[in-house]
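S.K.: Following this message is one structure expressed as structure tokens.
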Amino acid sequence: MRVEVLEVLRGTEDESGGGVGVVFRSAAGRAWARWCGAEVPGAGTVVHGEVDVPGEVAAWRPAEGPDLLVADAPGAAVRLRGTVDGVGEDSVVVIRLGGAILLAEFAGGTAGERGDEALPSVGERVEFSVPEIGLYPVSV
């Protein structure tokens, strides 16, 4: 996913001392992420990054509207909306979002407003929020 780094959040390393926070803008919106690369890009830098959703997605819901990757402020939950491209037996859901692919592990038995169905279907638009995301630099 092509992103423009807007701000580097110095002093925001996680408990292990890694992952400085960055505020960025992408085709799907403005959000923040934990930077997972060795060298932190400066503000104004355009990079290609892979979005990582750490942990399980606890709840999701069917959605309409454009792809979305937004957070109200650094440290706030990150909201994602995209299209399901695949669903694995291990509860890993492949989501197309903002021209990129991301993988997210969905907690079993959670279906938002859909009753007993645990995972979304291929082709379905979904929306969910997570406490944070990671952004890994990739070469193009």
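Following the order of the structure tokens, first chain is A, next is B, and so on, with residues numbered from 1 inside each chain and ligands from 1 in the order they appear.
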Hey, which bits of stretch 60-138 of chain A sit within 9 Å of stretch 17-37 of chain A, and for each residue what's the closest pair of atoms and how far apart in Å (one decimal), counting only C-alpha atoms, rows by chain and increasing number, as a tab-separated table?
M.R.:
```
residue	atom	partner	partner_atom	distance
A:Pro66	CA	A:Ala28	CA	7.8
A:Asp67	CA	A:Ala28	CA	5.5
A:Leu68	CA	A:Ala28	CA	4.6
A:Leu69	CA	A:Ala28	CA	5.2
A:Val70	CA	A:Ala31	CA	4.4
A:Ala71	CA	A:Ala31	CA	4.5
A:Asp72	CA	A:Ala31	CA	7.3
A:Ala73	CA	A:Ala31	CA	7.4
A:Pro74	CA	A:Trp32	CA	5.6
A:Gly75	CA	A:Trp32	CA	7.5
A:Ala76	CA	A:Trp32	CA	8.4
A:Val78	CA	A:Ala31	CA	6.8
A:Arg79	CA	A:Ala31	CA	8.6
A:Leu80	CA	A:Ala28	CA	8.8
A:Arg81	CA	A:Ala28	CA	8.7
A:Leu97	CA	A:Ala28	CA	7.3
A:Gly98	CA	A:Ala28	CA	5.1
A:Gly99	CA	A:Ala27	CA	8.0
A:Glu132	CA	A:Ala33	CA	6.3
A:Ile133	CA	A:Ala33	CA	5.1
A:Gly134	CA	A:Arg34	CA	4.7
A:Leu135	CA	A:Trp35	CA	5.1
A:Tyr136	CA	A:Cys36	CA	4.9
A:Pro137	CA	A:Gly37	CA	6.0
```
S.K.: Take the residues from that selection and write them out as a PDB file, in the first residue's frame, keeping C-alpha atoms.
M.R.:
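Wrote it out as result_4.pdb, contents follow:
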```pdb
ATOM      1  CA  PRO A  66     -15.522   2.894   0.102  1.00  0.00           C
ATOM      2  CA  ASP A  67     -12.412   1.253   1.510  1.00  0.00           C
ATOM      3  CA  LEU A  68     -11.411   2.790   4.806  1.00  0.00           C
ATOM      4  CA  LEU A  69      -8.296   2.890   6.970  1.00  0.00           C
ATOM      5  CA  VAL A  70      -8.750   5.639   9.567  1.00  0.00           C
ATOM      6  CA  ALA A  71      -8.088   6.608  13.159  1.00  0.00           C
ATOM      7  CA  ASP A  72      -9.281   9.742  14.942  1.00  0.00           C
ATOM      8  CA  ALA A  73      -5.917  10.347  16.631  1.00  0.00           C
ATOM      9  CA  PRO A  74      -2.630   8.587  17.378  1.00  0.00           C
ATOM     10  CA  GLY A  75      -3.302   5.860  19.937  1.00  0.00           C
ATOM     11  CA  ALA A  76      -7.000   5.639  19.014  1.00  0.00           C
ATOM     12  CA  VAL A  78      -7.972   2.005  13.818  1.00  0.00           C
ATOM     13  CA  ARG A  79     -11.070   1.347  11.692  1.00  0.00           C
ATOM     14  CA  LEU A  80     -10.697  -0.730   8.520  1.00  0.00           C
ATOM     15  CA  ARG A  81     -13.205  -1.465   5.755  1.00  0.00           C
ATOM     16  CA  LEU A  97      -8.207  -2.604   1.107  1.00  0.00           C
ATOM     17  CA  GLY A  98      -6.964   0.531  -0.641  1.00  0.00           C
ATOM     18  CA  GLY A  99      -5.414  -1.404  -3.506  1.00  0.00           C
ATOM     19  CA  GLU A 132      -3.464  -0.649  16.514  1.00  0.00           C
ATOM     20  CA  ILE A 133      -1.901  -1.778  13.258  1.00  0.00           C
ATOM     21  CA  GLY A 134       1.671  -2.333  12.173  1.00  0.00           C
ATOM     22  CA  LEU A 135       3.196  -0.913   8.996  1.00  0.00           C
ATOM     23  CA  TYR A 136       6.100  -2.858   7.442  1.00  0.00           C
ATOM     24  CA  PRO A 137       8.164  -1.273   4.657  1.00  0.00           C
TER      25      PRO A 137
END
```
S.K.: I'd like the interatomic distance between atom CA of A:Gly55 and atom CA of A:Asp85, to a tenth of an Å.
M.R.: 19.7 Å
S.K.: Leaving out A:Glu127 and any residue of its chain fewer than 2 positions from it, which residues lie within 7 Å of it when counting only C-alpha atoms, given as a short mmCIF file (atom, residue, chain, number, x, y, z; two decimals) with N, CA, C and O atoms, in the first residue's frame?
M.R.:
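And here's out_4.cif as it stands now:
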```cif
data_model
loop_
_atom_site.label_atom_id
_atom_site.label_comp_id
_atom_site.auth_asym_id
_atom_site.auth_seq_id
_atom_site.Cartn_x
_atom_site.Cartn_y
_atom_site.Cartn_z
N TRP A 60 -16.65 -7.95 13.88
CA TRP A 60 -16.75 -7.31 12.57
C TRP A 60 -18.21 -7.16 12.23
O TRP A 60 -19.09 -7.73 12.87
N ARG A 61 -18.46 -6.36 11.19
CA ARG A 61 -19.84 -6.21 10.73
C ARG A 61 -19.85 -6.06 9.21
O ARG A 61 -18.86 -5.59 8.63
N PRO A 62 -20.94 -6.43 8.56
CA PRO A 62 -21.05 -6.18 7.13
C PRO A 62 -21.01 -4.67 6.90
O PRO A 62 -21.46 -3.89 7.75
N ALA A 63 -20.48 -4.25 5.77
CA ALA A 63 -20.31 -2.82 5.54
C ALA A 63 -20.61 -2.45 4.10
O ALA A 63 -20.59 -3.29 3.21
N LEU A 80 -11.01 -0.24 9.86
CA LEU A 80 -10.70 -0.73 8.52
C LEU A 80 -11.96 -1.23 7.84
O LEU A 80 -12.81 -1.85 8.48
N ARG A 81 -12.08 -0.96 6.54
CA ARG A 81 -13.21 -1.46 5.75
C ARG A 81 -12.67 -1.91 4.40
O ARG A 81 -11.96 -1.15 3.74
N GLY A 82 -13.00 -3.12 4.01
CA GLY A 82 -12.54 -3.64 2.73
C GLY A 82 -13.36 -4.83 2.29
O GLY A 82 -14.38 -5.16 2.90
#
```
S.K.: Using only C-alpha atoms, which residues of stretch 40-92 of chain A come within 10 Å of stretch 8-12 of chain A, and what is the closest atom pair for each, with the distance in Å to one decimal? Give it as JSON lines, sorted by chain and residue number.
M.R.:
```
{"residue": "A:Val40", "atom": "CA", "partner": "A:Val8", "partner_atom": "CA", "distance": 8.0}
{"residue": "A:Pro41", "atom": "CA", "partner": "A:Val8", "partner_atom": "CA", "distance": 7.9}
{"residue": "A:Gly42", "atom": "CA", "partner": "A:Val8", "partner_atom": "CA", "distance": 6.8}
{"residue": "A:Ala43", "atom": "CA", "partner": "A:Val8", "partner_atom": "CA", "distance": 6.4}
{"residue": "A:Gly44", "atom": "CA", "partner": "A:Val8", "partner_atom": "CA", "distance": 9.9}
{"residue": "A:Pro74", "atom": "CA", "partner": "A:Leu9", "partner_atom": "CA", "distance": 8.3}
{"residue": "A:Gly75", "atom": "CA", "partner": "A:Thr12", "partner_atom": "CA", "distance": 9.3}
```
S.K.: Excluding A:Ala100 and any residue of its chain fewer than 6 positions from it, enumerate the residues within 9 Å of it, using only C-alpha atoms, and give them as an mmCIF file with N, CA, C and O atoms, in the first residue's frame.
M.R.:
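selection-v1.cif, freshly written:
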```cif
data_model
loop_
_atom_site.group_PDB
_atom_site.id
_atom_site.type_symbol
_atom_site.label_atom_id
_atom_site.label_comp_id
_atom_site.auth_asym_id
_atom_site.auth_seq_id
_atom_site.Cartn_x
_atom_site.Cartn_y
_atom_site.Cartn_z
ATOM 1 N N MET A 1 0.853 -1.158 0.000
ATOM 2 C CA MET A 1 0.000 0.000 0.000
ATOM 3 C C MET A 1 0.909 1.234 0.000
ATOM 4 O O MET A 1 1.847 1.312 0.777
ATOM 5 N N ARG A 2 0.614 2.168 -0.838
ATOM 6 C CA ARG A 2 1.376 3.412 -0.910
ATOM 7 C C ARG A 2 0.864 4.351 0.176
ATOM 8 O O ARG A 2 -0.333 4.629 0.239
ATOM 9 N N GLU A 50 3.250 -2.653 4.078
ATOM 10 C CA GLU A 50 2.290 -3.748 4.262
ATOM 11 C C GLU A 50 1.651 -3.572 5.630
ATOM 12 O O GLU A 50 2.342 -3.453 6.637
ATOM 13 N N VAL A 51 0.337 -3.539 5.662
ATOM 14 C CA VAL A 51 -0.402 -3.363 6.911
ATOM 15 C C VAL A 51 -0.520 -4.709 7.613
ATOM 16 O O VAL A 51 -0.887 -5.717 7.001
#
```
S.K.: So the first atom is atom CA of A:Asp90 and the second is atom CA of A:Ser139; what is the distance between them in Å, to one decimal place?
M.R.: 28.3 Å
S.K.: Just want the 7 Å neighbourhood of A:Val84, counted on only C-alpha atoms, with same-chain residues fewer than 6 positions away dropped. Output as a compact mmCIF listing (two decimals) with N, CA and C atoms, in the first residue's frame.
M.R.:
```txt
# COMPACT_ATOMS: atom_id res chain seq x y z
N VAL A 93 -8.45 -14.21 7.42
CA VAL A 93 -9.27 -13.61 6.38
C VAL A 93 -8.38 -12.69 5.54
N VAL A 94 -8.44 -12.86 4.23
CA VAL A 94 -7.68 -12.03 3.30
C VAL A 94 -8.59 -10.88 2.88
N ILE A 95 -8.12 -9.66 3.09
CA ILE A 95 -8.95 -8.48 2.82
C ILE A 95 -8.24 -7.57 1.84
N ARG A 96 -8.96 -7.14 0.80
CA ARG A 96 -8.45 -6.17 -0.15
C ARG A 96 -8.91 -4.79 0.33
N SER A 121 -17.91 -13.98 4.30
CA SER A 121 -17.83 -14.74 3.05
C SER A 121 -16.98 -14.00 2.02
N VAL A 122 -16.40 -14.73 1.11
CA VAL A 122 -15.63 -14.13 0.02
C VAL A 122 -16.54 -13.19 -0.76
N GLY A 123 -16.03 -12.00 -1.06
CA GLY A 123 -16.80 -10.99 -1.78
C GLY A 123 -17.55 -10.04 -0.88
N GLU A 124 -17.68 -10.37 0.38
CA GLU A 124 -18.41 -9.53 1.33
C GLU A 124 -17.57 -8.33 1.75
N ARG A 125 -18.23 -7.19 1.91
CA ARG A 125 -17.57 -5.99 2.44
C ARG A 125 -17.69 -6.06 3.96
```
S.K.: Atom CA of A:Val138 and atom CA of A:Val53 are how many Å apart?
M.R.: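 Atom CA of A:Val53 lies 16.0 Å from atom CA of A:Val138.
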